[in-house]
Structures are given as C-alpha cells and as structure tokens.
$ cat start_14.txt   # compact mmCIF, C-alpha atoms
# COMPACT_ATOMS: atom_id res chain seq x y z
CA MET A 30 -3.56 4.58 -15.29
CA GLY A 31 -3.14 0.86 -14.81
CA THR A 32 -5.65 -1.91 -15.13
CA PRO A 33 -6.33 -4.26 -12.23
CA ILE A 34 -5.49 -7.91 -12.29
CA ALA A 35 -8.82 -9.56 -13.05
CA SER A 36 -10.95 -10.58 -10.09
CA ASP A 37 -13.65 -13.24 -9.94
CA ALA A 38 -16.52 -10.75 -9.64
CA PRO A 39 -17.43 -8.22 -12.38
CA VAL A 40 -16.43 -4.66 -11.56
CA LEU A 41 -19.20 -3.01 -13.62
CA ASP A 42 -22.12 -4.10 -15.75
CA VAL A 43 -23.42 -2.10 -18.73
CA PRO A 44 -25.90 0.14 -16.85
CA ALA A 45 -23.37 0.96 -14.12
CA ALA A 46 -20.68 1.72 -16.70
CA ARG A 47 -22.94 4.10 -18.59
CA VAL A 48 -23.96 5.89 -15.38
CA GLY A 49 -20.36 6.15 -14.18
CA LEU A 50 -19.15 7.56 -17.48
CA GLU A 51 -21.97 10.10 -17.62
CA ARG A 52 -21.46 11.29 -14.03
CA ALA A 53 -17.72 11.70 -14.51
CA ARG A 54 -18.30 13.77 -17.65
CA ARG A 55 -20.86 15.95 -15.92
CA CYS A 56 -18.26 16.70 -13.21
CA THR A 57 -15.68 17.59 -15.86
CA LEU A 58 -17.96 20.05 -17.64
CA ASP A 59 -19.27 21.57 -14.39
CA LEU A 60 -15.72 22.22 -13.25
CA VAL A 61 -14.70 24.25 -16.32
CA ARG A 62 -18.03 25.88 -17.20
CA GLU A 63 -17.33 29.20 -15.46
CA ILE A 64 -13.62 29.40 -16.30
CA SER A 65 -12.74 31.92 -19.02
CA ASP A 66 -11.06 30.77 -22.22
CA PRO A 67 -7.75 32.55 -21.39
CA ASP A 68 -7.68 31.01 -17.90
CA LEU A 69 -8.53 27.59 -19.30
CA GLU A 70 -5.75 27.74 -21.88
CA ARG A 71 -2.82 29.38 -20.07
CA VAL A 72 -0.10 27.72 -17.97
CA HIS A 73 -0.77 28.68 -14.34
CA SER A 74 2.17 26.80 -12.83
CA PRO A 75 5.21 25.01 -14.31
CA LEU A 76 4.15 22.01 -12.22
CA MET A 77 0.74 21.77 -13.87
CA SER A 78 -0.80 21.38 -17.31
CA PRO A 79 -3.01 24.01 -18.93
CA LEU A 80 -6.54 23.08 -17.92
CA VAL A 81 -7.57 22.67 -21.55
CA TRP A 82 -4.83 20.03 -21.95
CA ASP A 83 -6.53 17.94 -19.25
CA LEU A 84 -9.78 18.04 -21.24
CA GLY A 85 -8.10 16.75 -24.39
CA HIS A 86 -6.16 14.14 -22.43
CA ILE A 87 -9.37 12.79 -20.86
CA ALA A 88 -10.82 12.34 -24.34
CA ALA A 89 -7.64 10.78 -25.75
CA TYR A 90 -7.39 8.31 -22.89
CA GLU A 91 -11.00 7.23 -23.29
CA GLU A 92 -10.52 6.84 -27.04
CA LEU A 93 -7.39 4.72 -26.55
CA TRP A 94 -8.87 2.28 -24.02
CA LEU A 95 -12.58 2.09 -24.81
CA VAL A 96 -12.72 2.80 -28.55
CA GLN A 97 -9.40 1.41 -29.80
CA ARG A 98 -8.35 -1.26 -27.29
CA TRP A 99 -11.81 -2.45 -26.22
CA GLY A 100 -13.79 -1.61 -29.35
CA GLY A 101 -11.09 -2.56 -31.87
CA GLU A 102 -11.60 0.65 -33.86
CA ARG A 103 -9.03 3.04 -35.24
CA SER A 104 -8.43 6.47 -33.80
CA ARG A 105 -9.98 9.27 -35.82
CA HIS A 106 -7.51 11.69 -34.28
CA PRO A 107 -4.02 10.13 -34.63
CA GLU A 108 -2.48 13.60 -34.94
CA LEU A 109 -3.43 14.27 -31.29
CA ALA A 110 -1.85 11.14 -29.81
CA HIS A 111 1.54 12.67 -29.00
CA VAL A 112 -0.01 15.92 -27.71
CA TYR A 113 -2.09 14.11 -25.10
CA ASP A 114 0.26 11.27 -24.21
CA ALA A 115 1.30 11.91 -20.60
CA ILE A 116 4.67 10.20 -21.05
CA GLU A 117 5.63 11.67 -24.43
CA THR A 118 4.47 15.14 -23.35
CA PRO A 119 5.31 15.57 -19.64
CA ARG A 120 3.94 18.50 -17.66
CA ALA A 121 6.99 20.66 -18.19
CA ARG A 122 6.38 20.58 -21.97
CA ARG A 123 2.59 20.88 -22.10
CA GLY A 124 2.74 24.64 -22.36
CA ASP A 125 4.88 24.26 -25.50
CA VAL A 126 2.62 21.91 -27.47
CA ARG A 127 -0.53 23.14 -29.19
CA PRO A 128 -3.53 21.43 -27.59
CA LEU A 129 -7.05 21.98 -28.81
CA ARG A 130 -8.70 25.13 -27.55
CA ARG A 131 -11.88 25.05 -25.45
CA GLY A 132 -14.36 24.42 -28.24
CA GLY A 133 -12.20 21.83 -29.94
CA ALA A 134 -11.46 19.99 -26.69
CA ILE A 135 -15.12 19.79 -25.68
CA ASP A 136 -16.06 18.65 -29.19
CA TYR A 137 -13.35 15.98 -28.92
CA LEU A 138 -14.82 14.79 -25.61
CA GLU A 139 -18.29 14.57 -27.16
CA ARG A 140 -17.21 12.73 -30.31
CA VAL A 141 -15.19 10.16 -28.37
CA ARG A 142 -18.07 9.59 -25.95
CA GLU A 143 -20.46 8.93 -28.85
CA ARG A 144 -18.11 6.24 -30.13
CA THR A 145 -17.64 4.76 -26.63
CA LEU A 146 -21.39 4.38 -26.13
CA ALA A 147 -21.77 2.83 -29.58
CA VAL A 148 -19.10 0.26 -28.68
CA ILE A 149 -20.88 -0.51 -25.39
CA ASP A 150 -24.16 -0.97 -27.24
CA ARG A 151 -22.46 -3.34 -29.66
CA GLN A 152 -20.34 -5.49 -27.36
CA GLY A 153 -21.01 -4.62 -23.74
CA VAL A 154 -18.28 -3.97 -21.17
CA GLY A 155 -16.88 -7.42 -20.39
CA ASP A 156 -16.02 -7.53 -16.70
CA GLY A 157 -16.01 -3.72 -16.65
CA THR A 158 -12.41 -3.22 -15.51
CA LEU A 159 -11.36 -1.06 -18.47
CA HIS A 160 -14.46 1.07 -18.13
CA GLU A 161 -13.93 1.55 -14.39
CA MET A 162 -10.32 2.50 -15.13
CA VAL A 163 -11.45 5.19 -17.57
CA ILE A 164 -14.07 6.52 -15.15
CA GLN A 165 -11.49 6.74 -12.37
CA HIS A 166 -8.99 8.37 -14.71
CA GLU A 167 -11.44 11.18 -15.47
CA HIS A 168 -12.13 11.71 -11.76
CA GLN A 169 -8.40 11.76 -11.04
CA HIS A 170 -8.03 14.59 -13.53
CA HIS A 171 -10.71 16.51 -11.69
CA GLU A 172 -8.37 16.54 -8.69
CA THR A 173 -5.42 17.50 -10.87
CA MET A 174 -7.43 20.39 -12.31
CA LEU A 175 -8.46 21.48 -8.82
CA GLN A 176 -4.78 21.53 -7.86
CA THR A 177 -4.14 23.81 -10.83
CA LEU A 178 -7.02 26.07 -9.84
CA SER A 179 -5.74 26.20 -6.27
CA LEU A 180 -2.37 27.44 -7.51
CA ALA A 181 -3.94 29.82 -10.06
CA ARG A 182 -6.06 31.77 -7.54
CA LEU A 183 -8.35 33.04 -10.28
CA ALA A 184 -10.18 36.29 -9.57
CA GLY A 185 -13.92 35.87 -9.72
CA TRP A 186 -14.01 32.08 -10.16
CA ARG A 187 -15.81 29.98 -7.58
CA PRO A 188 -16.18 26.20 -7.41
CA PRO A 189 -19.67 24.73 -7.93
CA GLU A 190 -20.00 23.92 -4.24
CA ARG A 191 -23.19 23.31 -2.30
CA GLY A 192 -22.37 24.24 1.29
CA GLN A 193 -19.48 24.30 3.73
CA PRO A 194 -17.46 21.34 5.09
CA PRO A 195 -18.18 20.47 8.72
CA GLY A 196 -16.16 21.90 11.57
CA ALA A 197 -14.45 19.98 14.38
CA PRO A 198 -16.26 19.63 17.70
CA ASP A 199 -13.56 17.98 19.80
CA GLY A 200 -10.55 20.29 19.48
CA TYR A 201 -8.09 17.73 18.11
CA THR A 202 -4.70 19.01 16.94
CA GLY A 203 -3.16 15.96 15.28
CA LEU A 204 -0.75 15.55 18.20
CA GLU A 205 -3.04 13.05 19.96
CA LEU A 206 -1.81 9.49 19.37
CA LEU A 207 -3.49 6.08 19.46
CA ASP A 208 -2.10 2.57 19.59
CA GLY A 209 -1.84 1.17 16.08
CA PRO A 210 -2.36 -2.52 15.22
CA SER A 211 0.84 -4.54 15.46
CA GLY A 212 1.97 -8.06 14.67
CA PRO A 213 1.10 -9.80 11.39
CA VAL A 214 -1.30 -7.81 9.20
CA ARG A 215 -2.33 -7.97 5.54
CA MET A 216 -1.91 -5.03 3.20
CA GLY A 217 -2.60 -4.42 -0.46
CA ALA A 218 -5.65 -5.07 -2.59
CA ASP A 219 -6.88 -8.47 -1.55
CA PRO A 220 -9.19 -10.04 -4.17
CA GLY A 221 -11.60 -10.74 -1.34
CA LEU A 222 -12.29 -7.00 -1.07
CA ALA A 223 -13.99 -7.27 -4.50
CA ARG A 224 -13.13 -3.85 -5.86
CA PHE A 225 -11.07 -2.32 -8.62
CA ALA A 226 -7.36 -1.92 -7.87
CA TYR A 227 -4.30 -0.76 -9.81
CA ASP A 228 -1.23 -2.89 -10.48
CA ASN A 229 0.84 -1.19 -7.74
CA GLU A 230 -1.76 -2.24 -5.12
CA ARG A 231 -1.18 -5.92 -5.93
CA LEU A 232 -0.45 -8.43 -4.59
CA ALA A 233 -1.96 -8.44 -1.15
CA HIS A 234 0.63 -9.75 1.29
CA GLU A 235 1.41 -10.15 4.98
CA VAL A 236 3.76 -7.87 6.90
CA THR A 237 4.68 -7.86 10.58
CA LEU A 238 4.53 -4.53 12.40
CA ASP A 239 6.27 -3.61 15.62
CA ASP A 240 4.25 -1.76 18.24
CA PHE A 241 3.60 1.82 17.12
CA ARG A 242 1.37 4.79 17.79
CA VAL A 243 -0.45 6.83 15.16
CA GLY A 244 -2.17 10.20 15.05
CA ARG A 245 -5.86 10.21 15.87
CA THR A 246 -6.34 12.87 13.18
CA PRO A 247 -4.21 14.70 10.62
CA VAL A 248 -2.15 17.59 11.99
CA THR A 249 -4.16 20.82 12.08
CA ASN A 250 -3.41 24.36 11.00
CA GLY A 251 -3.39 25.35 14.65
CA ALA A 252 -0.68 22.86 15.57
CA TRP A 253 1.34 23.89 12.52
CA LEU A 254 1.06 27.56 13.42
CA GLU A 255 2.37 26.85 16.92
CA TRP A 256 5.32 24.99 15.40
CA MET A 257 6.04 27.92 13.07
CA GLN A 258 5.91 30.36 15.98
CA ALA A 259 8.40 28.14 17.83
CA GLY A 260 10.84 28.53 14.93
CA GLY A 261 9.78 25.53 12.88
CA TYR A 262 11.19 26.76 9.57
CA ASP A 263 14.36 28.21 11.14
CA ARG A 264 15.64 25.57 13.54
CA ARG A 265 18.13 23.44 11.65
CA GLU A 266 18.00 20.59 14.18
CA TRP A 267 14.46 19.70 13.12
CA TRP A 268 15.33 19.18 9.46
CA SER A 269 17.08 16.45 7.54
CA GLU A 270 20.15 17.50 5.55
CA GLU A 271 18.29 17.28 2.25
CA GLY A 272 15.22 18.96 3.72
CA TRP A 273 17.23 21.87 5.12
CA SER A 274 18.94 22.37 1.77
CA TRP A 275 15.53 22.51 0.09
CA ARG A 276 14.17 24.83 2.77
CA ARG A 277 16.99 27.33 2.25
CA GLU A 278 17.04 27.19 -1.55
CA SER A 279 13.27 27.52 -1.83
CA ALA A 280 12.97 30.10 0.99
CA THR A 281 9.86 28.24 2.12
CA ALA A 282 8.54 29.63 5.41
CA HIS A 283 4.89 28.50 5.58
CA PRO A 284 2.45 26.06 3.93
CA GLY A 285 1.72 26.68 0.29
CA ALA A 286 -1.84 27.94 0.74
CA TRP A 287 -1.05 30.33 3.61
CA GLU A 288 -0.58 34.09 3.35
CA MET A 289 0.17 36.71 5.98
CA THR A 290 -2.14 39.74 5.89
CA PRO A 291 -2.51 42.79 8.16
CA ASP A 292 -5.26 40.85 9.93
CA GLY A 293 -3.12 37.74 10.48
CA TRP A 294 -2.64 34.44 8.68
CA CYS A 295 -5.11 33.58 5.96
CA GLU A 296 -5.48 30.53 3.74
CA TRP A 297 -6.25 30.47 0.03
CA ARG A 298 -9.10 28.14 -0.77
CA LEU A 299 -10.79 27.57 -4.10
CA ALA A 300 -13.46 30.11 -3.22
CA GLY A 301 -10.85 32.75 -2.32
CA ARG A 302 -8.86 33.89 0.67
CA ALA A 303 -10.27 33.17 4.13
CA PRO A 304 -9.06 33.51 7.74
CA LEU A 305 -6.96 30.52 8.78
CA ALA A 306 -9.22 27.83 10.25
CA LEU A 307 -7.13 26.41 13.08
CA GLU A 308 -9.19 23.21 13.36
CA ARG A 309 -8.73 22.15 9.72
CA PRO A 310 -5.88 19.88 8.63
CA VAL A 311 -2.81 21.64 7.34
CA ILE A 312 -2.53 21.20 3.59
CA GLN A 313 -0.13 21.77 0.70
CA VAL A 314 3.03 20.93 2.61
CA SER A 315 5.96 18.98 1.21
CA TRP A 316 7.39 15.73 2.49
CA PHE A 317 10.38 17.70 3.82
CA GLU A 318 8.09 19.95 5.88
CA ALA A 319 6.07 16.98 7.12
CA ASP A 320 9.26 15.20 8.18
CA ALA A 321 10.59 18.29 9.98
CA PHE A 322 7.31 18.81 11.86
CA ALA A 323 7.34 15.18 12.99
CA ARG A 324 10.97 15.40 14.16
CA ALA A 325 10.20 18.54 16.15
CA HIS A 326 7.51 16.60 18.05
CA GLY A 327 9.64 13.55 18.79
CA ALA A 328 7.71 11.62 16.19
CA ARG A 329 8.04 10.47 12.58
CA LEU A 330 5.93 9.82 9.53
CA PRO A 331 4.18 6.43 9.43
CA THR A 332 5.46 3.78 7.09
CA GLU A 333 3.08 2.84 4.33
CA ALA A 334 2.32 -0.47 6.03
CA GLU A 335 1.60 1.26 9.35
CA TRP A 336 -0.66 3.75 7.61
CA GLU A 337 -2.72 1.06 5.89
CA ALA A 338 -2.96 -1.04 9.04
CA ALA A 339 -4.14 1.98 11.03
CA ALA A 340 -6.70 2.69 8.32
CA CYS A 341 -8.37 -0.68 7.94
CA TRP A 342 -6.85 -3.59 9.89
CA ASP A 343 -9.39 -5.05 12.29
CA ALA A 344 -7.21 -6.60 14.99
CA ASP A 345 -10.13 -8.28 16.75
CA ALA A 346 -11.36 -10.01 13.60
CA GLN A 347 -7.83 -10.43 12.18
CA ARG A 348 -8.91 -9.19 8.79
CA GLN A 349 -8.71 -6.18 6.51
CA ARG A 350 -11.78 -3.96 6.33
CA PRO A 351 -12.78 -2.69 2.88
CA TRP A 352 -13.09 0.82 4.38
CA PRO A 353 -12.00 2.25 7.73
CA TRP A 354 -15.61 2.42 8.92
CA GLY A 355 -16.77 -0.96 7.62
CA GLN A 356 -18.16 -2.58 4.48
CA ASP A 357 -20.09 0.24 2.79
CA ALA A 358 -18.15 2.65 0.56
CA GLY A 359 -20.88 5.26 0.80
CA ARG A 360 -21.52 5.22 4.53
CA ALA A 361 -22.30 8.60 6.10
CA GLY A 362 -19.35 9.84 8.08
CA ARG A 363 -16.65 9.23 5.46
CA ALA A 364 -14.24 12.11 5.18
CA ASN A 365 -14.55 12.51 1.40
CA LEU A 366 -16.33 15.74 0.61
CA ILE A 367 -16.15 16.44 -3.11
CA ASP A 368 -18.76 13.75 -3.83
CA SER A 369 -21.19 15.95 -1.88
CA GLY A 370 -20.16 19.19 -3.56
CA LEU A 371 -18.15 20.45 -0.57
CA PHE A 372 -14.83 21.79 -1.85
CA GLY A 373 -12.40 21.80 1.05
CA THR A 374 -11.18 20.01 4.14
CA ALA A 375 -13.36 19.16 7.13
CA GLY A 376 -12.28 19.96 10.65
CA ALA A 377 -10.02 17.34 12.24
CA GLY A 378 -12.18 14.62 13.79
CA ALA A 379 -15.37 15.96 12.22
CA GLN A 380 -16.57 12.51 11.08
CA PRO A 381 -16.46 10.26 14.19
CA ASP A 382 -18.57 7.63 12.41
CA GLY A 383 -15.79 7.24 9.86
CA CYS A 384 -13.09 6.11 12.31
CA SER A 385 -10.93 3.08 11.63
CA PRO A 386 -10.85 0.04 13.96
CA CYS A 387 -8.02 1.59 15.99
CA GLY A 388 -9.90 4.89 16.31
CA ALA A 389 -8.06 7.00 13.71
CA SER A 390 -10.24 9.60 12.01
CA GLY A 391 -10.18 11.14 8.53
CA MET A 392 -7.90 8.54 6.99
CA VAL A 393 -9.68 8.36 3.64
CA GLY A 394 -10.81 11.38 1.67
CA ASP A 395 -9.69 14.41 3.69
CA VAL A 396 -6.02 15.11 2.93
CA TRP A 397 -3.35 13.03 1.27
CA GLU A 398 -0.91 11.93 3.96
CA TRP A 399 2.82 11.63 3.39
CA THR A 400 4.42 8.38 4.51
CA ALA A 401 8.04 7.49 5.21
CA THR A 402 8.05 4.88 2.42
CA ASP A 403 9.67 5.12 -1.00
CA PHE A 404 7.37 4.10 -3.85
CA GLY A 405 8.15 0.56 -4.95
CA ALA A 406 6.69 -2.79 -5.96
CA TYR A 407 4.85 -5.19 -3.69
CA PRO A 408 5.92 -8.86 -3.71
CA GLY A 409 4.52 -10.52 -6.82
CA PHE A 410 4.00 -7.23 -8.66
CA VAL A 411 3.10 -7.55 -12.35
CA ALA A 412 3.03 -4.41 -14.50
CA HIS A 413 -0.34 -4.23 -16.22
CA PRO A 414 -1.21 -3.18 -18.81
CA TYR A 415 1.99 -1.16 -19.35
CA ARG A 416 5.15 -0.28 -17.39
CA GLU A 417 4.56 3.46 -17.51
CA TYR A 418 1.72 3.42 -15.03
CA SER A 419 3.75 2.37 -11.98
CA GLU A 420 6.98 0.55 -12.66
CA VAL A 421 8.98 3.43 -14.15
CA PHE A 422 8.41 5.42 -10.94
CA PHE A 423 9.70 2.77 -8.54
CA GLY A 424 12.85 3.57 -6.59
CA GLY A 425 14.04 6.17 -4.11
CA ARG A 426 12.93 9.33 -5.93
CA TYR A 427 9.26 9.26 -4.96
CA LYS A 428 7.51 9.11 -1.59
CA VAL A 429 4.17 7.38 -1.10
CA LEU A 430 1.07 9.35 -0.14
CA ARG A 431 -2.04 7.64 1.18
CA GLY A 432 -5.70 8.25 1.87
CA GLY A 433 -6.88 10.61 -0.85
CA SER A 434 -8.00 14.18 -0.26
CA TRP A 435 -11.30 16.05 -0.19
CA ALA A 436 -10.77 16.43 -3.97
CA SER A 437 -10.40 12.67 -4.57
CA HIS A 438 -13.59 11.03 -5.74
CA SER A 439 -14.72 8.11 -3.59
CA ARG A 440 -14.22 5.73 -6.54
CA VAL A 441 -10.51 6.60 -6.36
CA ALA A 442 -9.79 7.20 -2.66
CA THR A 443 -9.61 3.74 -1.12
CA PRO A 444 -7.46 2.50 1.79
CA THR A 445 -5.18 0.57 -0.61
CA PHE A 446 -4.76 3.27 -3.28
CA ARG A 447 -1.13 4.46 -3.59
CA ASN A 448 -0.17 7.94 -4.77
CA TRP A 449 3.41 9.14 -5.13
CA ASP A 450 5.37 12.34 -5.70
CA PHE A 451 8.72 14.03 -5.16
CA ALA A 452 9.57 15.10 -1.61
CA PRO A 453 9.63 18.87 -2.41
CA ARG A 454 6.23 18.96 -4.13
CA ARG A 455 3.44 21.01 -2.53
CA GLN A 456 0.76 21.26 -5.22
CA ILE A 457 -0.96 18.12 -3.88
CA PHE A 458 -3.64 18.55 -1.21
CA ALA A 459 -1.29 16.79 1.20
CA GLY A 460 -0.96 16.96 4.95
CA VAL A 461 0.58 15.05 7.84
CA ARG A 462 -0.33 12.26 10.24
CA LEU A 463 2.21 11.50 12.94
CA ALA A 464 3.53 8.14 14.14
CA LYS A 465 5.88 7.00 16.91
CA ASP A 466 7.47 3.78 18.04
CA ALA A 467 5.52 2.50 21.04
$ encode --input "start_14.txt" --output "structure tokens"
Amino acid sequence: MGTPIASDAPVLDVPAARVGLERARRCTLDLVREISDPDLERVHSPLMSPLVWDLGHIAAYEELWLVQRWGGERSRHPELAHVYDAIETPRARRGDVRPLRRGGAIDYLERVRERTLAVIDRQGVGDGTLHEMVIQHEHQHHETMLQTLSLARLAGWRPPERGQPPGAPDGYTGLELLDGPSGPVRMGADPGLARFAYDNERLAHEVTLDDFRVGRTPVTNGAWLEWMQAGGYDRREWWSEEGWSWRRESATAHPGAWEMTPDGWCEWRLAGRAPLALERPVIQVSWFEADAFARAHGARLPTEAEWEAAACWDADAQRQRPWPWGQDAGRAGRANLIDSGLFGTAGAGAQPDGCSPCGASGMVGDVWEWTATDFGAYPGFVAHPYREYSEVFFGGRYKVLRGGSWASHSRVATPTFRNWDFAPRRQIFAGVRLAKDA
C-alpha cells in the first residue's frame, strides 16, 4: 500500500492509532477463528492466496512499516521477508512457498504487535499517516480473505454476521438513469477533504465533463437475469471482440456466484447457497460482462471521472463533498455493511439517506463498480513511498473499479479510492452502474 502525500492536519493521534490497530486485529482474528487448519492453509483458487499467507503478510507489513521504518528497529524475522513480500511472491506462487502455519502466523501477528505498541509508547505516531496506512492495509486483507472464502464455499463455515442486509423498497433495477453533473468538476483527493489518501488518488485536479446520465443504483440480479434470458451471453453483437473471445474461451454463462438448481437460480453467499434475490446488485461479474450488459441496453460504463462526479460533486455549491451524503463518514444510510457485521449486499436503493448530490444511491460501500477507464496516473502524480504500490500497474492492462463493496471497511471505501484489476477477473465483489451520453 502507498503512503499519502502529507497533509496539514494529523491523520491520527496516539489514542486513535492504538484503537484502530486493535479493532483491525480483532476483525482479522474473528474472521479466521472458525476456519479449520486445513481450510486456512490450502489454496482455494489460483487467483487467491492461502488464507494463512494473508495472516503472515499482515504481520510482515506491519513489522516493515511500523517497527522497522517508523521505529528504526531491525526485523527479527528476516527469513520471512521474501515469503510475505507481495511483489516477490505473487499470488500464483503463494501456494508453492512455505508460509507459517496457523499457530506460527498468529504468534507472528502477536509478537509484531507487541513491538509496534512499544514503538508507539516510545516515540508516538508522528502525523499518523504510516499507522493509518497499516490499519487500512489490514482491513483491505479482510476483503481479500472474504473473496477467497466466497470462492472456497466451505461447508459448515459461517461469517460472524449479526443480522441481514436491508432489502429494497422501491423496485429499482439499475436501468433507471439520472442526470450527472457536467462542466468543470474537481476529482481526486483534495487536501481540503482532510483524510488519508494513496498516491494514485493525488493530485486533485479539474476535468470538464460533457452532459451524461448515470444509473440511479447498481444493476440488480433481476435486470441481469432478464438480460441472460434474452440471450445476453450468446448474442455476439453485444460483446466487444476481446470480450467475446474471453466469453467463448472461458465458457462463462452467468455471474460467478450464481448456480442453477432444480428450484431455479440460486446465489452463493458467504453463509451458503440462497435463492437469487432479484433486488440485490449483481456481483462477481467481469469487466467484459459489464461492458456487454451496458451495450445491450444502449448504454456504456461510466468513465472514472463521471463516476466520481456522480458520487460526490455538489453542482449547486461547486465543490466536492467528502462523502456522497455529506460531511460525516459514519452517517446512517451509507451503503457499507461490513462495519455493522452484515456480510452481503443491500437491496438496490435501500439507503436513500446515502444518496449523492445528483441522486445516485449505493455509490460507496455496496459493490465495486467497473469503469471504462484504464488505470493510470493523475496529473502531478508522485510515487510514494515506492513504485510498486501504483506506478507499475499503470497502462492499458488494468481497468479502474470504484466505490468499494460491502466487504470494504469504511476507512478504505471512500469516493476517491481507486481499485484496479484485469478485465476478465470475477473474484472481486464487483458489479455494474450504467452511464449514457445525454
């Protein structure tokens, strides 16, 4: 993960850093507590790490940044550096290395945390940016681990949830469009927003948008099912050349979490298989599928700038809101659910109090939303603190996703946060929001 360019205001003080670190660790341990050792240590998908690797990586990352870089101390585990380095040991190779097993990984987490707290007691946290980065990194791995668990479909495992996500009262499908803000708008992490931001979110800059329309909500399972029944995966005219090639080679014929049963379509959720909820956003679809769905409806995917403007540009005030709904990150009505222990998507339009200035709902914290934009640098970009966080991924190979998902902690899922992945990938909790030229 990258470190933000320093802002004028402190990101965290010592008490807030200690609380944030403790809460992130509690989430980590709660997530794996009921997973068996074999399930924790095996490779469930070639796209994902063994879950126990994530535990060791969380510890190694914290040791690097808060014990070594911030505290000026030497690593006590140099033999583990290459095992848990995300660049040296990419996902495809993590099943071949020998990470610590459950007991060793949890012991590693505990020993590193003891040293981190001793460093904080000795020298504080500075402006808190490194500590916020480490807290967010641990929460980001919670989402990665939940992606792994979604693909694994473990028998008998249930997430530590505390209720069910809300349904949708208004019957939205994702095909309803609103006027998006046009003209000159600002995008990116403006220092005036006074929050942590990664290097790829900088610098804030002005762009000019033509008139466009944007989906009121993400596209729902119901709308996707209708498209499938109309031949969505079989009609060549709705697919790009590259998308159609992928569709045929992969034999993809439905979203990744769906399964046909004698009783009809069902959807795999973390708690098991359930009847398809037509009002929930479609999830685990690739960029190619999202693009084909949009084409079939005479629409397209929003550009990254359009997405961010629809999420938080206040056209009346001519300024960028910190959050779609206003100033407060924790306001009731936000779409993010994992913070409340609700593991899954809400119904489309279920949080009307969380709408953006233009009226778009569920833009932060429900499903990641594919955009039409290739991942690249903003004007004035400076890699910090190392190229491997963002810069090595710039170019035409990766597409930008925005908004965060139900599995993205609210510290991470902000309107300016940029995620990226390959167009064929479907392990992310990603869906679709439509756009059109006005």
$ closest_residue --input "start_14.txt" --among "A:Val314, A:Ala338, A:Val411, A:Ile87" --to "Val461 of chain A" --atoms "only C-alpha atoms"
A:Val314
$ closest_residue --input "start_14.txt" --among "A:Gly409, A:Gly373, A:Pro119, A:Gly244" --to "Gly301 of chain A" --atoms "all atoms listed in the file"
A:Gly373
$ atom_distance --input "start_14.txt" --atom1 "atom CA of Ala452 of chain A" --atom2 "atom CA of Asn229 of chain A"
19.5 Å
$ residues_near_point --input "start_14.txt" --point "(7.2, 9.6, -17.2)" --cutoff "8 Å" --atoms "only C-alpha atoms" --output "ChimeraX atom specification"
/A:115-117,119,417,421-422
$ closest_residue --input "start_14.txt" --among "A:Arg348, A:Arg105, A:Arg329, A:Arg447" --to "Leu463 of chain A" --atoms "all atoms listed in the file"
A:Arg329
